[in-house]
$ cat upload_7.cif   # mmCIF, C-alpha atoms and all ligand atoms
data_coords
#
loop_
_atom_site.label_atom_id
_atom_site.label_comp_id
_atom_site.auth_asym_id
_atom_site.auth_seq_id
_atom_site.Cartn_x
_atom_site.Cartn_y
_atom_site.Cartn_z
CA MET X 1 37.63 78.33 159.16
CA VAL X 2 34.89 79.38 161.58
CA ALA X 3 35.28 78.06 165.11
CA MET X 4 31.57 78.40 165.88
CA THR X 5 29.51 75.35 165.12
CA THR X 6 26.03 75.70 166.60
CA ILE X 7 23.60 78.35 165.41
CA GLY X 8 20.64 79.18 167.68
CA PHE X 9 17.39 80.60 166.32
CA ILE X 10 14.87 82.79 168.12
CA GLY X 11 12.14 82.61 165.51
CA SER X 12 12.17 79.83 162.93
CA GLY X 13 9.73 81.02 160.28
CA ASN X 14 10.41 82.13 156.72
CA ILE X 15 13.76 83.79 157.34
CA GLY X 16 14.90 81.87 160.44
CA GLY X 17 13.98 78.57 158.79
CA THR X 18 15.80 79.52 155.59
CA VAL X 19 18.99 80.58 157.40
CA ALA X 20 18.76 77.30 159.34
CA ARG X 21 18.61 75.32 156.08
CA LEU X 22 21.65 77.13 154.71
CA ALA X 23 23.50 76.67 158.01
CA VAL X 24 22.82 72.93 158.12
CA ALA X 25 23.90 72.61 154.48
CA ALA X 26 27.15 74.35 155.47
CA GLY X 27 27.78 71.84 158.28
CA HIS X 28 26.49 73.76 161.31
CA ASP X 29 24.24 72.29 163.96
CA VAL X 30 21.10 74.36 164.56
CA VAL X 31 18.78 74.78 167.54
CA LEU X 32 15.41 76.20 166.54
CA SER X 33 12.79 77.94 168.65
CA ASN X 34 9.54 79.83 168.19
CA SER X 35 6.72 81.20 170.34
CA ARG X 36 4.52 78.09 170.34
CA GLY X 37 7.01 75.57 171.68
CA PRO X 38 9.51 72.99 170.38
CA GLU X 39 6.88 70.37 169.49
CA THR X 40 5.48 72.70 166.80
CA LEU X 41 8.87 72.63 165.02
CA ARG X 42 8.94 68.84 164.57
CA GLU X 43 8.35 68.98 160.83
CA LEU X 44 11.11 71.51 160.16
CA VAL X 45 13.53 69.63 162.41
CA GLY X 46 12.71 66.43 160.50
CA GLU X 47 13.39 68.15 157.18
CA LEU X 48 16.70 69.55 158.40
CA GLY X 49 17.94 66.19 159.69
CA PRO X 50 20.24 65.12 162.51
CA GLY X 51 22.04 68.48 162.78
CA ALA X 52 18.82 70.16 163.93
CA ARG X 53 16.80 70.14 167.13
CA ALA X 54 14.06 72.28 168.63
CA ALA X 55 14.08 73.90 172.06
CA THR X 56 12.71 76.86 173.97
CA SER X 57 13.96 80.33 173.03
CA ALA X 58 16.14 80.46 176.16
CA GLU X 59 17.65 77.08 175.33
CA ALA X 60 18.29 78.01 171.70
CA ALA X 61 19.94 81.23 172.88
CA GLU X 62 22.06 79.28 175.36
CA ALA X 63 23.08 76.62 172.81
CA GLY X 64 24.05 78.97 169.99
CA ASP X 65 27.63 80.09 169.44
CA LEU X 66 25.94 82.55 167.11
CA VAL X 67 22.23 83.32 167.45
CA VAL X 68 19.80 84.52 164.79
CA VAL X 69 16.87 86.64 166.00
CA SER X 70 14.10 86.53 163.39
CA VAL X 71 10.76 87.46 164.92
CA PRO X 72 8.11 90.07 164.12
CA LEU X 73 9.69 93.26 165.46
CA ARG X 74 6.85 93.80 167.96
CA ALA X 75 8.19 90.72 169.83
CA TYR X 76 11.78 91.92 170.21
CA ARG X 77 11.47 92.46 173.97
CA ASP X 78 10.67 88.74 174.38
CA VAL X 79 14.17 87.80 173.18
CA PRO X 80 15.96 86.38 176.23
CA VAL X 81 18.73 88.66 177.46
CA GLU X 82 20.81 86.65 179.91
CA PRO X 83 21.56 83.55 177.78
CA LEU X 84 22.71 85.84 174.95
CA ALA X 85 25.25 87.68 177.09
CA GLY X 86 28.56 88.08 175.26
CA LYS X 87 27.21 86.50 172.07
CA VAL X 88 26.98 87.70 168.51
CA VAL X 89 23.31 88.10 167.57
CA LEU X 90 22.26 88.33 163.94
CA ASP X 91 19.17 90.53 163.69
CA THR X 92 16.92 90.00 160.64
CA ASN X 93 13.99 92.06 161.88
CA ASN X 94 12.19 94.75 159.91
CA TYR X 95 9.66 97.32 161.04
CA TYR X 96 6.20 97.18 159.55
CA PRO X 97 3.89 99.45 161.57
CA GLY X 98 0.82 97.63 160.22
CA ARG X 99 2.09 94.40 161.70
CA ASP X 100 4.17 95.63 164.62
CA GLY X 101 2.23 98.68 165.82
CA ASN X 102 3.80 102.13 165.85
CA ILE X 103 7.21 102.55 167.46
CA PRO X 104 7.71 106.34 167.77
CA GLU X 105 11.53 106.33 167.66
CA LEU X 106 11.42 104.40 164.38
CA ASP X 107 8.65 106.57 162.99
CA ASP X 108 10.73 109.70 163.61
CA ALA X 109 13.92 107.97 162.37
CA SER X 110 15.77 108.75 165.61
CA THR X 111 16.90 105.13 165.87
CA THR X 112 17.07 101.92 163.82
CA THR X 113 15.66 98.45 164.35
CA GLY X 114 19.16 97.12 165.03
CA GLU X 115 19.78 99.74 167.69
CA LEU X 116 16.46 98.86 169.34
CA LEU X 117 17.45 95.21 169.65
CA GLN X 118 20.95 96.18 170.82
CA ARG X 119 19.39 98.37 173.53
CA HIS X 120 17.37 95.38 174.70
CA LEU X 121 20.33 92.97 174.48
CA THR X 122 22.76 95.24 176.30
CA THR X 123 25.35 92.50 176.84
CA SER X 124 25.25 91.04 173.31
CA ARG X 125 26.80 92.23 170.06
CA VAL X 126 24.09 92.76 167.48
CA VAL X 127 24.74 92.63 163.74
CA LYS X 128 21.95 93.58 161.34
CA VAL X 129 21.79 91.15 158.42
CA PHE X 130 19.38 89.07 156.28
CA ASN X 131 16.70 91.77 156.60
CA ASN X 132 17.01 93.11 153.07
CA ILE X 133 16.29 89.91 151.11
CA TYR X 134 13.08 87.92 150.55
CA PHE X 135 13.45 84.47 152.11
CA GLY X 136 12.86 82.67 148.79
CA HIS X 137 15.71 84.59 147.22
CA LEU X 138 17.92 84.04 150.26
CA ARG X 139 17.53 80.33 149.73
CA ALA X 140 17.89 80.45 145.94
CA LEU X 141 20.88 82.78 145.61
CA ALA X 142 23.32 81.07 148.01
CA ARG X 143 26.53 80.11 146.17
CA LEU X 144 29.87 78.65 147.12
CA SER X 145 32.72 81.08 147.67
CA GLY X 146 34.26 82.17 144.36
CA ALA X 147 31.16 81.49 142.23
CA ALA X 148 30.81 84.10 139.49
CA ASP X 149 27.16 84.69 140.37
CA ARG X 150 27.60 84.96 144.13
CA SER X 151 25.49 87.60 145.86
CA ALA X 152 26.34 89.96 148.70
CA LEU X 153 24.26 90.87 151.74
CA ALA X 154 24.53 94.06 153.76
CA ILE X 155 25.63 93.99 157.39
CA ALA X 156 25.68 96.72 160.03
CA GLY X 157 26.98 96.61 163.58
CA ASP X 158 28.89 98.47 166.27
CA ASP X 159 31.44 95.75 167.04
CA ALA X 160 34.14 94.96 164.47
CA ASP X 161 34.79 91.43 165.75
CA ALA X 162 31.07 90.62 165.66
CA LYS X 163 30.92 91.84 162.06
CA GLU X 164 33.89 89.65 161.20
CA LYS X 165 32.10 86.63 162.67
CA ALA X 166 28.92 87.52 160.79
CA THR X 167 30.94 87.87 157.58
CA ALA X 168 32.58 84.47 158.11
CA PHE X 169 29.16 82.89 158.72
CA LEU X 170 27.74 84.50 155.58
CA ASP X 171 30.70 83.21 153.60
CA ARG X 172 30.07 79.67 154.82
CA ILE X 173 26.40 79.70 153.95
CA GLY X 174 26.83 81.22 150.51
CA TYR X 175 27.15 85.00 150.59
CA ASP X 176 29.64 87.85 150.46
CA ALA X 177 29.15 90.70 152.93
CA VAL X 178 29.10 94.45 152.39
CA ASP X 179 29.70 96.49 155.53
CA ALA X 180 27.12 99.29 155.63
CA GLY X 181 28.48 100.75 158.86
CA MET X 182 27.18 101.00 162.41
CA LEU X 183 23.77 99.87 163.66
CA ALA X 184 22.73 103.51 163.25
CA ASP X 185 23.39 103.10 159.51
CA GLY X 186 21.04 100.12 159.25
CA TRP X 187 18.34 102.36 157.74
CA ARG X 188 20.38 102.22 154.51
CA PHE X 189 18.94 98.75 153.83
CA GLN X 190 15.61 98.91 155.59
CA PRO X 191 12.26 98.53 153.77
CA GLY X 192 11.76 101.08 151.02
CA THR X 193 15.45 101.64 150.25
CA PRO X 194 17.16 100.72 146.95
CA ALA X 195 19.11 97.89 148.64
CA TYR X 196 15.97 96.27 149.99
CA GLY X 197 14.15 93.21 148.61
CA LEU X 198 13.35 94.12 145.05
CA VAL X 199 16.98 94.29 143.99
CA TYR X 200 17.35 90.52 144.54
CA GLY X 201 14.11 89.88 142.68
CA GLY X 202 14.80 91.78 139.48
CA ASP X 203 13.00 94.97 140.51
CA THR X 204 9.64 93.67 139.34
CA GLU X 205 6.29 93.87 141.09
CA ASN X 206 6.15 90.07 141.03
CA PHE X 207 9.51 89.76 142.71
CA ARG X 208 8.30 86.94 144.97
CA GLU X 209 7.81 84.75 141.89
CA SER X 210 11.26 85.65 140.59
CA PRO X 211 13.89 82.91 140.88
CA GLY X 212 16.19 85.59 142.28
CA VAL X 213 18.75 87.86 140.64
CA PRO X 214 22.34 87.76 141.90
CA VAL X 215 23.52 91.07 143.39
CA ASP X 216 27.27 91.42 143.65
CA ALA X 217 29.08 93.52 146.25
CA ALA X 218 29.70 96.50 143.95
CA THR X 219 26.02 96.66 142.94
CA LEU X 220 24.91 96.42 146.55
CA ARG X 221 27.37 99.12 147.64
CA ALA X 222 25.98 101.47 144.98
CA LYS X 223 22.41 100.76 146.21
CA LEU X 224 23.44 101.47 149.81
CA ASP X 225 25.03 104.76 148.69
CA ASP X 226 21.77 105.70 146.91
CA ALA X 227 19.71 105.38 150.11
CA ARG X 228 17.92 108.55 151.21
CA ARG X 229 16.06 109.03 154.43
N1 LIG V 301 9.82 87.02 155.08
C1 LIG V 301 10.90 87.58 154.56
O1 LIG V 301 11.27 87.30 153.41
C2 LIG V 301 11.71 88.52 155.39
C3 LIG V 301 12.85 89.05 154.81
C4 LIG V 301 13.69 89.85 155.56
C5 LIG V 301 13.38 90.15 156.86
N2 LIG V 301 12.23 89.67 157.41
C6 LIG V 301 11.96 90.02 158.82
O2 LIG V 301 12.46 88.96 159.63
C7 LIG V 301 11.57 88.74 160.74
C8 LIG V 301 10.97 87.35 160.62
O3 LIG V 301 10.23 87.29 159.42
P1 LIG V 301 9.61 85.91 158.89
O4 LIG V 301 9.05 86.21 157.56
O5 LIG V 301 10.57 84.80 159.08
O6 LIG V 301 8.41 85.76 159.92
P2 LIG V 301 7.55 84.45 160.23
O7 LIG V 301 7.62 83.49 159.10
O8 LIG V 301 6.22 84.94 160.67
O9 LIG V 301 8.31 83.80 161.46
C9 LIG V 301 8.39 84.47 162.69
C10 LIG V 301 8.98 83.51 163.70
O10 LIG V 301 9.10 84.21 164.93
C11 LIG V 301 8.51 83.42 165.96
N3 LIG V 301 8.06 84.26 167.05
C12 LIG V 301 7.06 85.16 167.04
N4 LIG V 301 6.96 85.75 168.24
C13 LIG V 301 7.93 85.19 169.02
C14 LIG V 301 8.32 85.37 170.35
N5 LIG V 301 7.70 86.26 171.13
N6 LIG V 301 9.35 84.61 170.82
C15 LIG V 301 9.97 83.70 170.04
N7 LIG V 301 9.64 83.50 168.74
C16 LIG V 301 8.62 84.23 168.25
C17 LIG V 301 7.38 82.70 165.26
O11 LIG V 301 6.97 81.61 166.04
P3 LIG V 301 5.43 81.16 166.08
O12 LIG V 301 5.08 80.83 164.69
O13 LIG V 301 5.44 79.99 167.02
O14 LIG V 301 4.67 82.35 166.63
C18 LIG V 301 8.09 82.30 163.97
O15 LIG V 301 8.89 81.16 164.18
C19 LIG V 301 10.52 89.86 160.65
O16 LIG V 301 10.92 90.92 161.46
C20 LIG V 301 10.51 90.22 159.18
O17 LIG V 301 10.06 91.53 158.95
C21 LIG V 301 11.41 88.84 156.72
#

$ encode --input "upload_7.cif" --output "structure tokens" --more "lines below"
Ligand SMILES: NC(=O)c1ccc[n+]([C@@H]2O[C@H](COP(=O)([O-])OP(=O)(O)OC[C@H]3O[C@@H](n4cnc5c(N)ncnc54)[C@H](OP(=O)(O)O)[C@@H]3O)[C@@H](O)[C@H]2O)c1
Amino acid sequence: MVAMTTIGFIGSGNIGGTVARLAVAAGHDVVLSNSRGPETLRELVGELGPGARAATSAEAAEAGDLVVVSVPLRAYRDVPVEPLAGKVVLDTNNYYPGRDGNIPELDDASTTTGELLQRHLTTSRVVKVFNNIYFGHLRALARLSGAADRSALAIAGDDADAKEKATAFLDRIGYDAVDAGMLADGWRFQPGTPAYGLVYGGDTENFRESPGVPVDAATLRAKLDDARR
């Protein structure tokens, strides 16, 4: 049983919105936020029902027992620091230089996206997760615990308790977890690696049209082990 009940969202687009749907379906309350303001989230809140509300990013951070950060990476410094103090933060962000601009320490592989967010959120405990799966597959592949076709997602983080909480949350919303190590190991499931995206879509070019292909923990572990920098 997970004690946490409210999940906050900084960013409520494809991935944030999908995690919010899964969280509401699992019985959590959710507080959504984006860059344009709570009124622009009315439709999504309506779809999600009484367990959902919209707020500012600071309010969503404050309200969440667990907070999902799911914004274009270039915006990571906008994530509010103080209201996230002491909290577990689930970081879905990926680095796409074409979208985010060049970040030298990612270009030279001297750090990872998870470490960047952790450096910004010095008083939070960041866990990298949800970044290696297309949002359509994330929604489609969720299964109850024990289902034969349940999928696993990779997690990485520097705090064991935070990873336990992330694992418990994943379990509630429909996924097993595979621990890929510290935030510094997050590159093992970043874009371009064997554990990223395509594996949940059947490894086809048209993976976005794929209904999703379950990936069990052993398969995911093997993909993580195959990663080369
Ligand atoms: N799409 C995928 O399948 C997928 C899969 C894995 C990981 N990811 C990664 O996850 C992150 C989110 O991707 P996405 O596809 O969900 O993006 P998206 O659909 O474009 O949604 C981004 C969300 O972030 C919000 N946002 C942008 N700047 C913000 C700021 N400064 N403060 C607060 N909120 C802000 C946006 O709000 P506004 O609309 O109001 O600006 C929107 O709600 C990205 O880093 C992406 O690379 C995506």

$ closest_residue --input "upload_7.cif" --among "X:Gly64, X:Pro104, X:Gly86, X:Gly136" --to "ligand LIG 301 (chain V)" --atoms "all atoms listed in the file"
X:Gly136

$ residues_near_ligand --input "upload_7.cif" --ligand "ligand LIG 301 (chain V)" --cutoff "7 Å" --atoms "all atoms listed in the file" --output "mmCIF file with C-alpha atoms, in the frame of the given file"
data_model
loop_
_atom_site.group_PDB
_atom_site.id
_atom_site.type_symbol
_atom_site.label_atom_id
_atom_site.label_comp_id
_atom_site.auth_asym_id
_atom_site.auth_seq_id
_atom_site.Cartn_x
_atom_site.Cartn_y
_atom_site.Cartn_z
ATOM 1 C CA ILE X 10 14.870 82.790 168.120
ATOM 2 C CA GLY X 11 12.140 82.610 165.510
ATOM 3 C CA SER X 12 12.170 79.830 162.930
ATOM 4 C CA GLY X 13 9.730 81.020 160.280
ATOM 5 C CA ASN X 14 10.410 82.130 156.720
ATOM 6 C CA ILE X 15 13.760 83.790 157.340
ATOM 7 C CA GLY X 16 14.900 81.870 160.440
ATOM 8 C CA SER X 33 12.790 77.940 168.650
ATOM 9 C CA ASN X 34 9.540 79.830 168.190
ATOM 10 C CA SER X 35 6.720 81.200 170.340
ATOM 11 C CA ARG X 36 4.520 78.090 170.340
ATOM 12 C CA GLY X 37 7.010 75.570 171.680
ATOM 13 C CA SER X 57 13.960 80.330 173.030
ATOM 14 C CA SER X 70 14.100 86.530 163.390
ATOM 15 C CA VAL X 71 10.760 87.460 164.920
ATOM 16 C CA PRO X 72 8.110 90.070 164.120
ATOM 17 C CA LEU X 73 9.690 93.260 165.460
ATOM 18 C CA ALA X 75 8.190 90.720 169.830
ATOM 19 C CA ASP X 78 10.670 88.740 174.380
ATOM 20 C CA VAL X 79 14.170 87.800 173.180
ATOM 21 C CA THR X 92 16.920 90.000 160.640
ATOM 22 C CA ASN X 93 13.990 92.060 161.880
ATOM 23 C CA ASN X 94 12.190 94.750 159.910
ATOM 24 C CA TYR X 95 9.660 97.320 161.040
ATOM 25 C CA TYR X 96 6.200 97.180 159.550
ATOM 26 C CA PHE X 130 19.380 89.070 156.280
ATOM 27 C CA ASN X 131 16.700 91.770 156.600
ATOM 28 C CA ASN X 132 17.010 93.110 153.070
ATOM 29 C CA ILE X 133 16.290 89.910 151.110
ATOM 30 C CA TYR X 134 13.080 87.920 150.550
ATOM 31 C CA PHE X 135 13.450 84.470 152.110
ATOM 32 C CA GLY X 136 12.860 82.670 148.790
#

$ closest_atom_pairs --input "upload_7.cif" --of "segment 54-114 of chain X" --to "segment 41-45 of chain X" --cutoff "12 Å" --atoms "all atoms listed in the file" --output "JSON lines"
{"residue": "X:Ala54", "atom": "CA", "partner": "X:Leu41", "partner_atom": "CA", "distance": 6.3}
{"residue": "X:Ala55", "atom": "CA", "partner": "X:Leu41", "partner_atom": "CA", "distance": 8.8}
{"residue": "X:Thr56", "atom": "CA", "partner": "X:Leu41", "partner_atom": "CA", "distance": 10.6}

$ write_last_selection --input "upload_7.cif" --atoms "C-alpha atoms" --output "mmCIF file, keeping the file's coordinate frame"
data_model
loop_
_atom_site.group_PDB
_atom_site.id
_atom_site.type_symbol
_atom_site.label_atom_id
_atom_site.label_comp_id
_atom_site.auth_asym_id
_atom_site.auth_seq_id
_atom_site.Cartn_x
_atom_site.Cartn_y
_atom_site.Cartn_z
ATOM 1 C CA ALA X 54 14.060 72.280 168.630
ATOM 2 C CA ALA X 55 14.080 73.900 172.060
ATOM 3 C CA THR X 56 12.710 76.860 173.970
#

$ axis_aligned_box --input "upload_7.cif" --around "segment 114-122 of chain X" --padding-each-side "6 Å" --output "lines of an AutoDock Vina configuration file"
center_x = 19.6
center_y = 96.4
center_z = 170.7
size_x = 18.3
size_y = 18.8
size_z = 23.3

$ residues_around --input "upload_7.cif" --residues "segment 213-226 of chain X" --least-positions-apart "6" --cutoff "9 Å" --atoms "all atoms listed in the file" --output "list in words"
His137, Leu141, Asp149, Arg150, Ser151, Ala152, Leu153, Ala154, Asp176, Ala177, Val178, Asp179, Ala180, Arg188, Phe189, Thr193, Pro194, Ala195, Tyr196, Val199, Tyr200, Gly201 and Gly202 of chain X

$ atom_distance --input "upload_7.cif" --atom1 "atom CA of Leu22 of chain X" --atom2 "atom CA of Ile173 of chain X"
5.5 Å

$ atom_distance --input "upload_7.cif" --atom1 "atom CA of Val81 of chain X" --atom2 "atom CA of Ile103 of chain X"
20.6 Å

$ atom_distance --input "upload_7.cif" --atom1 "atom CA of Gly51 of chain X" --atom2 "atom CA of Leu90 of chain X"
19.9 Å

$ closest_residue --input "upload_7.cif" --among "X:Arg21, X:His120, X:Arg53, X:Arg228" --to "Arg77 of chain X" --atoms "only C-alpha atoms"
X:His120

$ closest_residue --input "upload_7.cif" --among "X:Thr123, X:Gly8, X:Asp65, X:Ala109" --to "Lys165 of chain X" --atoms "only C-alpha atoms"
X:Asp65

$ closest_residue --input "upload_7.cif" --among "X:Thr40, X:Gln190, X:Ser145, X:Asn102" --to "Ala168 of chain X" --atoms "all atoms listed in the file"
X:Ser145

$ closest_residue --input "upload_7.cif" --among "X:Leu106, X:Met182, X:Val31, X:Leu138" --to "Thr18 of chain X" --atoms "all atoms listed in the file"
X:Leu138

$ residues_around --input "upload_7.cif" --residues "Val126 of chain X" --least-positions-apart "3" --cutoff "8 Å" --atoms "only C-alpha atoms" --output "ChimeraX atom specification"
/X:88-91,114,117-118,121,157-159,162

$ residues_around --input "upload_7.cif" --residues "Thr112 of chain X" --least-positions-apart "3" --cutoff "8 Å" --atoms "all atoms listed in the file" --output "ChimeraX atom specification"
/X:106,109,115-116,183-187

$ closest_residue --input "upload_7.cif" --among "X:Val19, X:Val24, X:Ile155, X:Ala85" --to "Val69 of chain X" --atoms "only C-alpha atoms"
X:Val19

$ decode --input "upload_7.cif" --residues "segment 104-170 of chain X" --atoms "C-alpha atoms" --output "mmCIF file, in the first residue's frame"
data_model
loop_
_atom_site.group_PDB
_atom_site.id
_atom_site.type_symbol
_atom_site.label_atom_id
_atom_site.label_comp_id
_atom_site.auth_asym_id
_atom_site.auth_seq_id
_atom_site.Cartn_x
_atom_site.Cartn_y
_atom_site.Cartn_z
ATOM 1 C CA PRO X 104 27.307 21.356 -23.498
ATOM 2 C CA GLU X 105 27.496 18.972 -20.528
ATOM 3 C CA LEU X 106 24.952 16.689 -22.191
ATOM 4 C CA ASP X 107 26.637 16.990 -25.571
ATOM 5 C CA ASP X 108 29.947 15.840 -24.077
ATOM 6 C CA ALA X 109 28.197 13.161 -21.972
ATOM 7 C CA SER X 110 29.717 14.505 -18.748
ATOM 8 C CA THR X 111 26.291 14.472 -17.090
ATOM 9 C CA THR X 112 22.761 13.150 -17.613
ATOM 10 C CA THR X 113 19.380 14.846 -17.842
ATOM 11 C CA GLY X 114 18.424 13.437 -14.441
ATOM 12 C CA GLU X 115 21.561 14.842 -12.833
ATOM 13 C CA LEU X 116 20.822 18.252 -14.368
ATOM 14 C CA LEU X 117 17.371 18.346 -12.790
ATOM 15 C CA GLN X 118 18.773 17.046 -9.484
ATOM 16 C CA ARG X 119 21.351 19.848 -9.522
ATOM 17 C CA HIS X 120 18.536 22.358 -9.954
ATOM 18 C CA LEU X 121 16.314 20.700 -7.311
ATOM 19 C CA THR X 122 19.045 20.399 -4.702
ATOM 20 C CA THR X 123 16.633 19.600 -1.868
ATOM 21 C CA SER X 124 14.495 17.055 -3.757
ATOM 22 C CA ARG X 125 15.108 13.410 -4.607
ATOM 23 C CA VAL X 126 14.944 12.941 -8.363
ATOM 24 C CA VAL X 127 14.118 9.615 -9.994
ATOM 25 C CA LYS X 128 14.402 9.286 -13.765
ATOM 26 C CA VAL X 129 11.431 7.377 -15.188
ATOM 27 C CA PHE X 130 8.826 7.394 -18.004
ATOM 28 C CA ASN X 131 11.372 8.928 -20.402
ATOM 29 C CA ASN X 132 12.003 5.783 -22.432
ATOM 30 C CA ILE X 133 8.442 5.070 -23.608
ATOM 31 C CA TYR X 134 6.190 6.813 -26.160
ATOM 32 C CA PHE X 135 3.143 8.241 -24.382
ATOM 33 C CA GLY X 136 0.691 6.194 -26.480
ATOM 34 C CA HIS X 137 2.427 3.002 -25.445
ATOM 35 C CA LEU X 138 2.622 4.145 -21.827
ATOM 36 C CA ARG X 139 -1.137 4.412 -21.825
ATOM 37 C CA ALA X 140 -1.748 1.193 -23.767
ATOM 38 C CA LEU X 141 0.644 -1.149 -21.961
ATOM 39 C CA ALA X 142 -0.402 -0.516 -18.333
ATOM 40 C CA ARG X 143 -1.513 -3.784 -16.697
ATOM 41 C CA LEU X 144 -2.550 -4.859 -13.236
ATOM 42 C CA SER X 145 0.105 -6.451 -11.052
ATOM 43 C CA GLY X 146 0.608 -10.114 -11.934
ATOM 44 C CA ALA X 147 -0.671 -9.851 -15.527
ATOM 45 C CA ALA X 148 1.321 -12.123 -17.835
ATOM 46 C CA ASP X 149 1.855 -9.305 -20.332
ATOM 47 C CA ARG X 150 2.889 -6.640 -17.836
ATOM 48 C CA SER X 151 5.692 -4.329 -18.954
ATOM 49 C CA ALA X 152 8.613 -2.887 -17.022
ATOM 50 C CA LEU X 153 9.984 0.653 -17.055
ATOM 51 C CA ALA X 154 13.522 1.689 -16.200
ATOM 52 C CA ILE X 155 14.243 3.897 -13.206
ATOM 53 C CA ALA X 156 17.441 5.616 -12.087
ATOM 54 C CA GLY X 157 18.114 7.647 -8.967
ATOM 55 C CA ASP X 158 20.587 8.389 -6.196
ATOM 56 C CA ASP X 159 18.224 7.799 -3.262
ATOM 57 C CA ALA X 160 17.111 4.246 -2.475
ATOM 58 C CA ASP X 161 13.949 5.297 -0.627
ATOM 59 C CA ALA X 162 12.911 7.566 -3.498
ATOM 60 C CA LYS X 163 13.383 4.665 -5.922
ATOM 61 C CA GLU X 164 11.245 2.467 -3.687
ATOM 62 C CA LYS X 165 8.477 5.075 -3.748
ATOM 63 C CA ALA X 166 8.781 5.396 -7.525
ATOM 64 C CA THR X 167 8.612 1.605 -7.848
ATOM 65 C CA ALA X 168 5.486 1.461 -5.661
ATOM 66 C CA PHE X 169 3.856 4.190 -7.765
ATOM 67 C CA LEU X 170 4.727 2.372 -10.987
#
